[in-house]
$ cat target_7.cif   # mmCIF, C-alpha atoms
data_structure
loop_
_atom_site.label_atom_id
_atom_site.label_comp_id
_atom_site.auth_asym_id
_atom_site.auth_seq_id
_atom_site.Cartn_x
_atom_site.Cartn_y
_atom_site.Cartn_z
CA MET K 23 0.00 0.00 0.00
CA LYS K 24 2.89 2.31 0.76
CA GLY K 25 3.57 4.84 -1.98
CA GLN K 26 -0.06 4.97 -2.98
CA LYS K 27 -1.34 7.22 -0.17
CA PHE K 28 -2.25 10.75 -1.07
CA PRO K 29 0.77 12.63 0.38
CA ASP K 30 3.04 10.30 -1.61
CA ILE K 31 0.99 10.66 -4.73
CA LEU K 32 1.04 14.40 -4.27
CA ARG K 33 4.81 14.46 -3.90
CA LYS K 34 5.52 12.15 -6.80
CA ARG K 35 3.01 13.47 -9.28
CA THR K 36 3.04 17.19 -8.38
CA ASP K 37 3.92 18.29 -11.88
CA GLU K 38 1.19 16.18 -13.46
CA ILE K 39 -1.43 17.46 -10.99
CA LEU K 40 -0.32 21.04 -11.43
CA GLU K 41 -0.43 20.76 -15.21
CA ASN K 42 -3.96 19.32 -15.28
CA TRP K 43 -5.21 21.68 -12.61
CA VAL K 44 -3.96 24.79 -14.38
CA LYS K 45 -5.33 23.51 -17.69
CA ARG K 46 -8.75 23.06 -16.12
CA GLN K 47 -8.80 26.62 -14.87
CA LEU K 48 -7.45 28.21 -18.02
CA PRO K 49 -10.87 29.28 -19.34
CA LEU K 50 -11.05 31.60 -16.32
CA ALA K 51 -7.53 32.88 -16.76
CA GLY K 52 -8.37 35.61 -19.24
CA LYS K 53 -10.94 37.07 -16.92
CA GLY K 54 -10.23 40.06 -14.72
CA GLY K 55 -6.61 40.28 -15.78
CA ILE K 56 -5.39 37.08 -14.11
CA THR K 57 -2.59 35.70 -16.31
CA PRO K 58 -1.88 31.98 -16.86
CA ASP K 59 1.51 32.50 -15.23
CA GLU K 60 -0.05 33.97 -12.14
CA LEU K 61 -2.58 31.16 -12.06
CA ARG K 62 0.21 28.58 -12.29
CA ARG K 63 2.11 30.31 -9.49
CA GLN K 64 -0.96 30.31 -7.24
CA CYS K 65 -1.67 26.66 -7.96
CA ALA K 66 1.95 25.63 -7.35
CA GLU K 67 2.05 27.49 -4.06
CA PHE K 68 -1.17 25.91 -2.96
CA LEU K 69 0.07 22.38 -3.78
CA ASN K 70 3.26 23.10 -1.87
CA LEU K 71 1.32 24.30 1.16
CA LEU K 72 -1.05 21.34 0.88
CA GLU K 73 1.85 18.92 0.93
CA ASN K 74 3.21 20.51 4.09
CA VAL K 75 -0.18 20.31 5.71
CA MET K 76 -0.64 16.66 4.77
CA GLN K 77 2.72 15.83 6.30
CA SER K 78 1.88 17.64 9.50
CA GLY K 79 -1.27 15.50 9.75
CA ALA K 80 -3.68 18.40 10.22
CA SER K 81 -7.15 17.66 8.97
CA SER K 82 -9.38 20.67 9.67
CA PRO K 83 -9.05 24.38 8.79
CA ASP K 84 -9.34 25.16 12.53
CA ASP K 85 -6.03 23.40 13.20
CA PRO K 86 -3.28 25.98 13.86
CA LYS K 87 -1.00 24.00 11.54
CA MET K 88 -3.37 24.88 8.72
CA ALA K 89 -2.96 28.62 9.30
CA PRO K 90 -0.59 29.27 6.35
CA ILE K 91 -2.86 27.53 3.85
CA VAL K 92 -5.95 29.27 5.24
CA GLU K 93 -4.19 32.62 4.90
CA PHE K 94 -3.18 31.77 1.37
CA LEU K 95 -6.74 30.84 0.41
CA LYS K 96 -8.07 34.06 1.90
CA GLU K 97 -5.54 35.98 -0.14
CA VAL K 98 -6.49 34.18 -3.37
CA SER K 99 -10.16 34.69 -2.64
CA ARG K 100 -9.71 38.41 -1.95
CA ASP K 101 -7.73 38.74 -5.15
CA ARG K 102 -10.56 37.14 -7.13
CA VAL K 103 -13.26 39.31 -5.60
CA MET K 104 -11.28 42.36 -6.67
CA LYS K 105 -10.94 40.94 -10.18
CA GLY K 106 -14.68 40.46 -10.45
CA PHE K 107 -14.95 36.68 -10.28
CA SER K 108 -18.31 35.14 -9.46
CA PRO K 109 -18.66 33.07 -6.27
CA THR K 110 -18.72 29.84 -8.31
CA GLU K 111 -15.62 30.83 -10.20
CA THR K 112 -13.85 31.62 -6.96
CA ALA K 113 -14.82 28.36 -5.30
CA ALA K 114 -13.80 26.51 -8.49
CA PHE K 115 -10.17 27.11 -7.55
CA ILE K 116 -10.38 24.28 -4.98
CA PHE K 117 -13.16 22.20 -6.48
CA SER K 118 -11.33 21.81 -9.77
CA LEU K 119 -8.36 20.39 -7.87
CA LYS K 120 -10.68 17.86 -6.30
CA GLU K 121 -11.85 16.72 -9.71
CA ILE K 122 -8.26 16.01 -10.69
CA VAL K 123 -7.01 14.45 -7.50
CA LEU K 124 -9.88 12.11 -6.69
CA PRO K 125 -9.56 9.98 -9.85
CA MET K 126 -5.92 9.41 -8.91
CA LEU K 127 -7.08 7.88 -5.66
CA GLN K 128 -9.29 5.40 -7.49
CA PRO K 129 -7.26 2.39 -6.27
CA LEU K 130 -7.55 3.56 -2.66
CA ALA K 131 -11.28 4.11 -3.00
CA LYS K 132 -11.82 0.45 -3.92
CA ASN K 133 -10.51 -0.72 -0.58
CA GLU K 134 -12.99 0.02 2.15
CA GLU K 135 -10.35 0.63 4.81
CA THR K 136 -8.22 3.02 2.80
CA PHE K 137 -11.36 4.71 1.48
CA SER K 138 -12.39 5.79 4.97
CA SER K 139 -8.85 6.54 6.15
CA GLU K 140 -7.49 8.31 3.06
CA VAL K 141 -10.03 9.31 0.44
CA MET K 142 -12.82 10.54 2.72
CA PRO K 143 -10.67 12.83 4.90
CA LEU K 144 -9.02 14.33 1.84
CA SER K 145 -12.36 14.90 0.16
CA LEU K 146 -13.72 16.52 3.31
CA LEU K 147 -10.64 18.69 3.68
CA LEU K 148 -10.88 19.94 0.12
CA ASP K 149 -14.58 20.62 0.55
CA GLN K 150 -13.89 22.64 3.66
CA MET K 151 -11.27 24.63 1.84
CA GLY K 152 -13.66 25.27 -1.00
CA LEU K 153 -16.21 26.56 1.46
CA LEU K 154 -13.55 28.70 3.05
CA THR K 155 -12.85 30.46 -0.24
CA PHE K 156 -16.56 30.93 -0.68
CA GLU K 157 -17.02 32.38 2.79
CA GLN K 158 -14.07 34.66 2.30
CA TYR K 159 -15.61 35.78 -0.97
CA LEU K 160 -18.79 36.77 0.85
CA ASN K 161 -16.88 38.58 3.61
CA ASN K 162 -14.95 40.59 1.07
CA ARG K 163 -18.08 41.43 -0.84
CA GLU K 164 -19.77 42.64 2.32
CA GLU K 165 -16.76 44.76 3.20
CA VAL K 166 -16.93 46.39 -0.21
CA ILE K 167 -20.66 47.04 0.15
CA ALA K 168 -20.25 48.49 3.65
CA ARG K 169 -17.51 50.80 2.45
CA GLN K 170 -19.57 51.93 -0.51
CA GLN K 171 -22.51 52.62 1.77
CA LEU K 172 -20.33 54.77 4.00
CA ASP K 173 -18.94 56.58 0.97
CA MET K 174 -22.44 57.24 -0.29
CA THR K 175 -23.54 58.75 3.00
CA GLU K 176 -20.44 60.90 3.09
CA LEU K 177 -20.49 61.90 -0.55
CA SER K 178 -24.18 62.63 -0.75
CA THR K 179 -24.04 65.24 2.02
CA PRO K 180 -21.54 67.91 1.03
CA VAL K 181 -21.68 71.18 2.94
CA VAL K 182 -20.40 73.95 0.71
CA LYS K 183 -19.57 77.52 1.56
CA ILE K 184 -21.04 79.38 -1.41
CA TRP K 185 -20.77 82.94 -0.18
CA ASP K 186 -19.41 84.82 2.79
CA GLY K 187 -21.44 83.57 5.72
CA ILE K 188 -23.66 81.39 3.52
CA LEU K 189 -23.53 77.60 3.40
CA ALA K 190 -25.31 75.35 0.93
CA LEU K 191 -26.29 71.78 1.64
CA PRO K 192 -27.76 69.95 -1.36
CA LEU K 193 -29.45 66.81 -0.07
CA ILE K 194 -29.64 63.85 -2.43
CA GLY K 195 -31.51 60.61 -1.87
CA THR K 196 -33.74 59.32 0.85
CA LEU K 197 -33.32 60.83 4.29
CA ASP K 198 -33.23 58.25 7.06
CA SER K 199 -32.29 58.81 10.69
CA ARG K 200 -28.65 57.87 10.18
CA ARG K 201 -28.16 60.17 7.23
CA THR K 202 -29.94 63.02 8.94
CA MET K 203 -27.56 62.68 11.86
CA THR K 204 -24.59 62.85 9.47
CA VAL K 205 -26.11 65.86 7.74
CA MET K 206 -26.82 67.63 11.02
CA GLU K 207 -23.37 66.96 12.45
CA LYS K 208 -21.59 68.09 9.30
CA LEU K 209 -23.71 71.21 8.97
CA LEU K 210 -23.26 72.27 12.59
CA GLN K 211 -19.53 71.64 12.48
CA LYS K 212 -19.24 73.66 9.27
CA ILE K 213 -21.17 76.53 10.85
CA VAL K 214 -18.72 76.53 13.74
CA ASP K 215 -15.75 76.34 11.35
CA THR K 216 -16.86 79.05 8.90
CA THR K 217 -18.97 81.19 11.29
CA ALA K 218 -21.73 81.20 8.70
CA THR K 219 -25.06 82.84 9.51
CA VAL K 220 -27.29 81.32 6.86
CA ALA K 221 -27.54 77.73 5.63
CA ILE K 222 -29.47 76.82 2.49
CA LEU K 223 -30.88 73.30 2.72
CA ASP K 224 -31.71 72.20 -0.81
CA ILE K 225 -34.06 69.21 -1.03
CA THR K 226 -34.38 69.07 -4.84
CA GLY K 227 -32.72 65.64 -4.76
CA VAL K 228 -34.99 64.21 -2.08
CA PRO K 229 -37.65 62.12 -3.81
CA THR K 230 -40.24 61.97 -1.03
CA VAL K 231 -40.92 63.84 2.16
CA ASP K 232 -42.92 62.03 4.82
CA THR K 233 -43.56 63.06 8.41
CA LEU K 234 -40.34 61.40 9.52
CA VAL K 235 -38.22 63.27 6.99
CA ALA K 236 -40.03 66.53 7.81
CA ASN K 237 -39.35 65.89 11.47
CA HIS K 238 -35.66 65.35 10.73
CA ILE K 239 -35.54 68.61 8.78
CA MET K 240 -37.24 70.51 11.62
CA LYS K 241 -34.70 69.13 14.08
CA THR K 242 -31.84 70.21 11.87
CA VAL K 243 -33.33 73.69 11.63
CA ALA K 244 -33.79 73.92 15.41
CA ALA K 245 -30.22 72.77 16.09
CA THR K 246 -28.87 75.27 13.56
CA ARG K 247 -30.77 78.07 15.26
CA LEU K 248 -29.19 77.17 18.59
CA LEU K 249 -25.87 77.97 16.97
CA GLY K 250 -27.14 81.35 15.94
CA ALA K 251 -27.65 80.61 12.23
CA GLU K 252 -30.78 80.61 10.08
CA VAL K 253 -31.91 77.90 7.66
CA ILE K 254 -33.57 78.42 4.29
CA ILE K 255 -35.17 75.37 2.71
CA THR K 256 -35.11 75.34 -1.07
CA GLY K 257 -36.00 72.95 -3.87
CA VAL K 258 -39.51 72.33 -2.63
CA SER K 259 -41.18 70.71 -5.62
CA PRO K 260 -44.96 70.99 -6.19
CA ALA K 261 -45.37 67.36 -5.19
CA ILE K 262 -43.47 67.87 -1.94
CA ALA K 263 -45.39 71.06 -1.19
CA GLN K 264 -48.63 69.09 -1.61
CA THR K 265 -47.41 66.27 0.63
CA ILE K 266 -46.24 68.66 3.33
CA VAL K 267 -49.58 70.47 3.45
CA HIS K 268 -51.56 67.22 3.33
CA LEU K 269 -49.49 65.80 6.17
CA GLY K 270 -50.14 68.96 8.17
CA VAL K 271 -46.44 69.61 8.76
CA ASP K 272 -45.98 73.15 10.04
CA LEU K 273 -43.10 74.85 8.24
CA SER K 274 -44.39 78.34 9.02
CA GLY K 275 -41.38 79.25 11.16
CA ILE K 276 -38.97 78.35 8.40
CA GLN K 277 -38.05 80.33 5.29
CA THR K 278 -38.75 78.25 2.18
CA ARG K 279 -38.10 78.93 -1.49
CA ALA K 280 -38.84 77.01 -4.69
CA THR K 281 -35.33 77.06 -6.10
CA MET K 282 -31.78 77.25 -4.87
CA ALA K 283 -31.36 80.52 -6.79
CA ASP K 284 -34.23 82.12 -4.90
CA GLY K 285 -32.77 80.79 -1.68
CA LEU K 286 -29.41 82.35 -2.44
CA LYS K 287 -31.07 85.67 -3.23
CA LEU K 288 -32.86 85.56 0.10
CA ALA K 289 -29.69 84.54 1.92
CA LEU K 290 -27.80 87.45 0.41
CA ARG K 291 -30.55 89.79 1.49
CA MET K 292 -30.57 88.29 4.97
CA THR K 293 -26.83 88.75 5.43
CA LYS K 294 -26.90 92.21 3.86
CA GLN K 295 -29.98 93.21 5.82
CA GLN K 296 -27.99 93.31 9.01
CA MET K 297 -25.70 95.83 7.39
CA THR K 298 -28.51 97.94 5.98
CA GLU K 299 -30.29 97.90 9.32
CA GLU K 300 -27.16 99.14 11.03
CA ALA K 301 -26.72 101.74 8.33
CA ARG K 302 -30.34 102.77 8.73
CA ASN K 303 -29.85 103.14 12.48
CA GLY K 304 -26.81 105.29 11.82
CA VAL K 305 -28.70 107.49 9.39
CA ASN K 306 -31.55 107.86 11.85
CA LEU K 307 -29.16 108.91 14.61
CA LEU K 308 -27.53 111.39 12.27
CA GLU K 309 -30.87 112.87 11.29
CA LYS K 310 -31.90 113.20 14.93
CA GLY K 311 -28.60 114.88 15.77
CA ILE K 312 -29.02 117.38 12.96
CA ALA K 313 -32.61 118.10 13.98
CA ALA K 314 -31.53 118.69 17.58
CA THR K 315 -28.73 121.06 16.53
CA GLN K 316 -31.12 122.97 14.27
CA ALA K 317 -33.66 123.23 17.09
CA ALA K 318 -30.97 124.50 19.47
CA GLN K 319 -29.80 127.07 16.96
CA ALA K 320 -33.36 128.18 16.35
CA ARG K 321 -33.88 128.65 20.10
CA LYS K 322 -30.61 130.59 20.33
CA GLY K 323 -31.67 132.81 17.43
CA ARG K 324 -34.96 133.60 19.11
CA SER K 325 -33.49 134.52 22.49
CA MET D 26 -19.03 76.28 46.87
CA GLU D 27 -18.00 76.94 43.30
CA LYS D 28 -19.29 80.15 41.73
CA ILE D 29 -19.58 81.27 38.13
CA PRO D 30 -17.72 84.57 37.54
CA ILE D 31 -19.77 87.44 36.12
CA ILE D 32 -17.71 90.10 34.36
CA LYS D 33 -18.94 93.60 33.57
CA VAL D 34 -17.86 94.96 30.19
CA GLY D 35 -19.46 98.35 29.53
CA ASP D 36 -23.19 97.88 29.88
CA THR D 37 -22.89 94.17 29.19
CA LEU D 38 -22.43 91.36 31.67
CA LEU D 39 -20.35 88.42 30.54
CA VAL D 40 -21.00 85.08 32.19
CA SER D 41 -18.35 82.62 31.16
CA ILE D 42 -19.10 79.13 32.35
CA GLN D 43 -15.85 77.19 32.62
CA THR D 44 -17.13 74.02 34.24
CA ASP D 45 -19.89 71.51 33.83
CA LEU D 46 -22.91 73.07 35.45
CA GLN D 47 -24.22 71.24 38.47
CA ASP D 48 -27.85 72.03 39.31
CA GLN D 49 -26.97 73.97 42.46
CA ILE D 50 -24.28 76.05 40.71
CA ALA D 51 -26.75 76.92 37.97
CA MET D 52 -29.28 78.18 40.50
CA THR D 53 -26.63 80.25 42.28
CA MET D 54 -25.57 81.68 38.94
CA GLN D 55 -29.16 82.73 38.23
CA THR D 56 -29.46 84.56 41.57
CA ASP D 57 -26.03 86.19 41.23
CA LEU D 58 -26.71 87.30 37.69
CA LEU D 59 -30.05 88.92 38.53
CA GLY D 60 -28.37 90.68 41.46
CA ARG D 61 -25.64 92.03 39.20
CA ILE D 62 -28.19 93.21 36.64
CA GLU D 63 -29.86 95.20 39.41
CA GLN D 64 -26.56 96.64 40.69
CA THR D 65 -25.14 97.63 37.32
CA SER D 66 -28.40 98.22 35.43
CA ALA D 67 -26.85 96.24 32.60
CA ARG D 68 -28.73 96.15 29.31
CA GLY D 69 -27.24 92.96 27.93
CA VAL D 70 -26.06 89.60 29.24
CA ILE D 71 -23.94 87.09 27.37
CA ILE D 72 -23.82 83.58 28.74
CA ASP D 73 -20.97 81.64 27.14
CA ILE D 74 -21.43 77.88 27.38
CA SER D 75 -18.76 76.88 24.84
CA VAL D 76 -16.97 74.72 27.42
CA VAL D 77 -20.13 73.00 28.59
CA ASP D 78 -20.45 69.47 27.23
CA ILE D 79 -23.62 68.46 28.99
CA VAL D 80 -26.84 70.45 28.95
CA ASP D 81 -29.75 68.54 30.42
CA SER D 82 -33.42 69.49 30.60
CA PHE D 83 -32.93 71.18 34.00
CA LEU D 84 -30.13 73.39 32.78
CA GLY D 85 -32.10 74.15 29.61
CA ARG D 86 -34.98 75.32 31.78
CA VAL D 87 -32.71 77.38 34.06
CA LEU D 88 -31.27 79.13 31.00
CA SER D 89 -34.62 80.00 29.47
CA GLU D 90 -36.04 81.08 32.84
CA THR D 91 -33.00 83.27 33.50
CA ALA D 92 -33.58 84.89 30.11
CA SER D 93 -37.22 85.62 30.98
CA MET D 94 -36.29 87.01 34.41
CA ALA D 95 -33.59 89.26 32.96
CA ARG D 96 -36.11 90.38 30.35
CA ILE D 97 -38.37 91.67 33.09
CA MET D 98 -35.40 93.61 34.46
CA ASN D 99 -34.86 95.16 31.01
CA ALA D 100 -31.80 93.13 30.04
CA VAL D 101 -31.41 90.94 26.96
CA VAL D 102 -29.80 87.53 27.52
CA VAL D 103 -27.92 85.93 24.64
CA VAL D 104 -26.58 82.39 24.97
CA VAL D 105 -23.43 81.82 22.91
CA GLY D 106 -21.07 78.98 22.13
CA ILE D 107 -23.50 76.07 22.04
CA GLN D 108 -21.48 73.08 20.81
CA PRO D 109 -22.88 71.09 17.85
CA SER D 110 -23.24 68.01 20.02
CA VAL D 111 -25.04 70.02 22.71
CA ALA D 112 -27.35 71.52 20.06
CA ILE D 113 -28.23 68.05 18.80
CA THR D 114 -28.92 66.80 22.33
CA LEU D 115 -31.10 69.81 23.14
CA VAL D 116 -33.14 69.32 19.98
CA GLU D 117 -33.51 65.61 20.66
CA LEU D 118 -34.75 66.51 24.16
CA GLY D 119 -37.28 68.86 22.58
CA LEU D 120 -35.62 71.93 24.13
CA GLU D 121 -35.35 74.30 21.22
CA LEU D 122 -34.86 77.37 23.49
CA LYS D 123 -36.98 79.38 21.06
CA GLN D 124 -37.33 82.31 23.46
CA ILE D 125 -33.57 82.81 23.88
CA PRO D 126 -31.50 84.54 21.21
CA THR D 127 -28.42 82.45 20.45
CA ALA D 128 -25.17 83.24 18.67
CA LEU D 129 -22.15 81.29 17.58
CA ASN D 130 -19.51 83.01 19.72
CA VAL D 131 -19.04 85.93 22.11
CA GLU D 132 -18.21 88.30 19.25
CA ARG D 133 -21.42 87.48 17.43
CA GLY D 134 -23.30 87.63 20.69
CA LEU D 135 -22.10 91.20 21.33
CA GLN D 136 -23.12 92.16 17.80
CA LEU D 137 -26.55 90.63 18.28
CA LEU D 138 -26.93 92.41 21.65
CA ARG D 139 -25.97 95.78 20.15
CA GLU D 140 -28.53 95.31 17.37
CA ARG D 141 -31.25 94.32 19.79
CA ILE D 142 -30.55 97.14 22.26
CA ALA D 143 -30.28 99.71 19.46
CA TRP D 144 -33.56 98.49 18.06
CA GLU D 145 -35.25 98.68 21.46
CA ASP D 146 -33.88 102.16 22.18
CA HIS D 147 -34.98 103.20 18.76
CA ALA D 148 -38.50 101.94 19.42
CA VAL D 149 -38.58 103.70 22.82
CA ALA D 150 -37.24 106.92 21.30
CA ASP D 151 -39.82 106.78 18.50
CA ASP D 152 -42.50 106.25 21.09
CA ALA D 153 -41.33 109.24 23.18
CA GLU D 154 -40.97 111.35 20.06
CA SER D 155 -44.50 110.65 18.89
CA ARG D 156 -45.82 111.38 22.36
CA GLU D 157 -43.83 114.65 22.40
CA LEU D 158 -45.22 115.56 18.97
CA GLY D 159 -48.72 114.85 20.22
CA ARG D 160 -48.19 117.15 23.20
CA GLU D 161 -46.82 119.92 20.96
CA GLU D 162 -49.80 119.66 18.67
CA GLU D 163 -52.03 119.85 21.69
CA ARG D 164 -50.18 122.91 22.98
CA ALA D 165 -50.42 124.52 19.55
CA ARG D 166 -54.17 123.88 19.46
CA ASN D 167 -54.58 125.22 23.01
CA GLY D 168 -52.47 128.29 22.15
CA HIS D 169 -54.62 129.02 19.11
CA GLY D 170 -57.77 128.38 21.06
#
$ encode --input "target_7.cif" --output "structure tokens"
Amino acid sequence: MKGQKFPDILRKRTDEILENWVKRQLPLAGKGGITPDELRRQCAEFLNLLENVMQSGASSPDDPKMAPIVEFLKEVSRDRVMKGFSPTETAAFIFSLKEIVLPMLQPLAKNEETFSSEVMPLSLLLDQMGLLTFEQYLNNREEVIARQQLDMTELSTPVVKIWDGILALPLIGTLDSRRTMTVMEKLLQKIVDTTATVAILDITGVPTVDTLVANHIMKTVAATRLLGAEVIITGVSPAIAQTIVHLGVDLSGIQTRATMADGLKLALRMTKQQMTEEARNGVNLLEKGIAATQAAQARKGRS
Amino acid sequence: MEKIPIIKVGDTLLVSIQTDLQDQIAMTMQTDLLGRIEQTSARGVIIDISVVDIVDSFLGRVLSETASMARIMNAVVVVVGIQPSVAITLVELGLELKQIPTALNVERGLQLLRERIAWEDHAVADDAESRELGREEERARNGHG
């Protein structure tokens, strides 16, 4: 029997296995920029690691001795996710090896004893490794999705300083609690950073406004006021105006405009108004002063 | 016990809170502040809470009540330096402090105070002026009559 067990077969017929294995996977090689050379290198490394593992007698991916091979598989799997392989194509890396190796163990499979001591454990081990690549594939995919989600929340809520003391915040997409918190935090921080006095909240890109969204907007407005700034809401479409009135949401305390341009006009007036008011006060004082002097002179002239 | 310093700058009182406000300290501050308003006949008060990290419903109420009390004594209270996180908490608590004017920092607060006081004086002066005019007209009518 000696010389026919899998570790021996693997050692003696490495080149043959490698050749067949690579050939089997070649149809995938063109995809995603993975070259046949790279594929061959990966396969060779895996066979090398597998041989080491078989010699160490480890039989489950949980075994610490398996750590190098598990790491390697994770790496391969990650690489394939990035290159746009499908889950099946990724798992095929291991399962195609199984297709090649198992026929070689045909003689062992005929004997009941060697079947349960050699063929079965190997088959199980390869299956587990295949599943590992698959699981890793899913993990990587989820990581990518989570990162994209974060990016979307970040990217879809830019706070822009569009004029001295005026910030613009074009909202795009559906407003949920999490996004509103991001929006509110970013807006408030920007107000502190730029000492802006007016913020234009543009909701052109918000498809629907329900009571929850309206509530979120009201909270943002209230928080902004606590920092001493005013909010103008712009981009209120006819449909949204209808919904807001039908829902009975009270926006009476908030300045609203149909378009961003109108909002900017209003914001400019609001920031300039402080100046004109001051100027007006000055002019009034001046006029009063002049009147008083004239009156005094008139009295002096009479006496 | 710890006390909040109240600084007089011109006709404005500056209350700079440099510690987290315990309930008792807040109440003492309210009493002290009203006393100082009486002493100095200040027209404006700026309460700077930029160092305060925690504003609970009690403190929110103390602030708005202090503002109303000062109002009766003819002083305008402006709260400045509310941190973004504090603003969010206050709004979530439903404390929008609508009756208190707020500003971003002390500088803005002073500006806001000046505007408010000027506006009030203006209104009072207009009032007095129109009353004076009325009296003159009356005198003129009496003189003719």
$ resolve_selection --input "target_7.cif" --expression "the PyMOL selection byres ((chain K and resi 292) around 12)" --output "PyMOL selection string"
chain K and resi 186-188+218-222+251-254+277+285-291+293-299
$ closest_atom_pairs --input "target_7.cif" --of "chain D" --to "chain K" --cutoff "6 Å" --atoms "all atoms listed in the file" --output "tab-separated table"
residue	atom	partner	partner_atom	distance
D:Ile107	CA	K:Leu249	CA	5.9
D:Pro109	CA	K:Leu210	CA	5.4
D:Ala112	CA	K:Ala245	CA	5.1
D:Ile113	CA	K:Ala245	CA	5.8
D:Val116	CA	K:Ala245	CA	6.0
D:Thr127	CA	K:Gly250	CA	4.8
D:Ala128	CA	K:Gly250	CA	3.9
D:Leu129	CA	K:Leu249	CA	5.0
$ resolve_selection --input "target_7.cif" --expression "the PyMOL selection byres ((chain D and resi 126) around 12)" --output "number ranges by chain"
K: 247-252; D: 69-72, 88-89, 92-93, 96, 101-107, 121-125, 127-129, 133-138, 140-141
$ closest_residue --input "target_7.cif" --among "K:Glu135, K:Asp85, K:Glu176, K:Asp198" --to "Asn237 (chain K)" --atoms "all atoms listed in the file"
K:Asp198
$ resolve_selection --input "target_7.cif" --expression "the PyMOL selection byres ((chain K and resi 261-275) around 8)" --output "number ranges by chain"
K: 230-233, 236, 258-260, 276-277
$ atom_distance --input "target_7.cif" --atom1 "CA of Asp57 (chain D)" --atom2 "CA of Thr37 (chain D)"
14.8 Å
$ atom_distance --input "target_7.cif" --atom1 "CA of Leu120 (chain D)" --atom2 "CA of Ser82 (chain D)"
7.3 Å
$ atom_distance --input "target_7.cif" --atom1 "CA of Lys27 (chain K)" --atom2 "CA of Glu93 (chain K)"
26.1 Å
$ closest_residue --input "target_7.cif" --among "K:Asn42, K:Gln171, K:Thr256, K:Thr136" --to "Lys120 (chain K)" --atoms "only C-alpha atoms"
K:Asn42
$ residues_around --input "target_7.cif" --residues "region 42-47 of chain D" --least-positions-apart "3" --cutoff "12 Å" --atoms "all atoms listed in the file" --output "ChimeraX atom specification"
/D:26-32,39,50-55,71-81,83-85,87-88,104-107
$ residues_around --input "target_7.cif" --residues "region 64-72 of chain K" --least-positions-apart "4" --cutoff "7 Å" --atoms "only C-alpha atoms" --output "PDB file with C-alpha atoms, in the frame of the given file"
ATOM      1  CA  LEU K  40      -0.320  21.040 -11.430  1.00  0.00           C
ATOM      2  CA  GLU K  60      -0.050  33.970 -12.140  1.00  0.00           C
ATOM      3  CA  MET K  76      -0.640  16.660   4.770  1.00  0.00           C
ATOM      4  CA  ILE K  91      -2.860  27.530   3.850  1.00  0.00           C
TER       5      ILE K  91
END
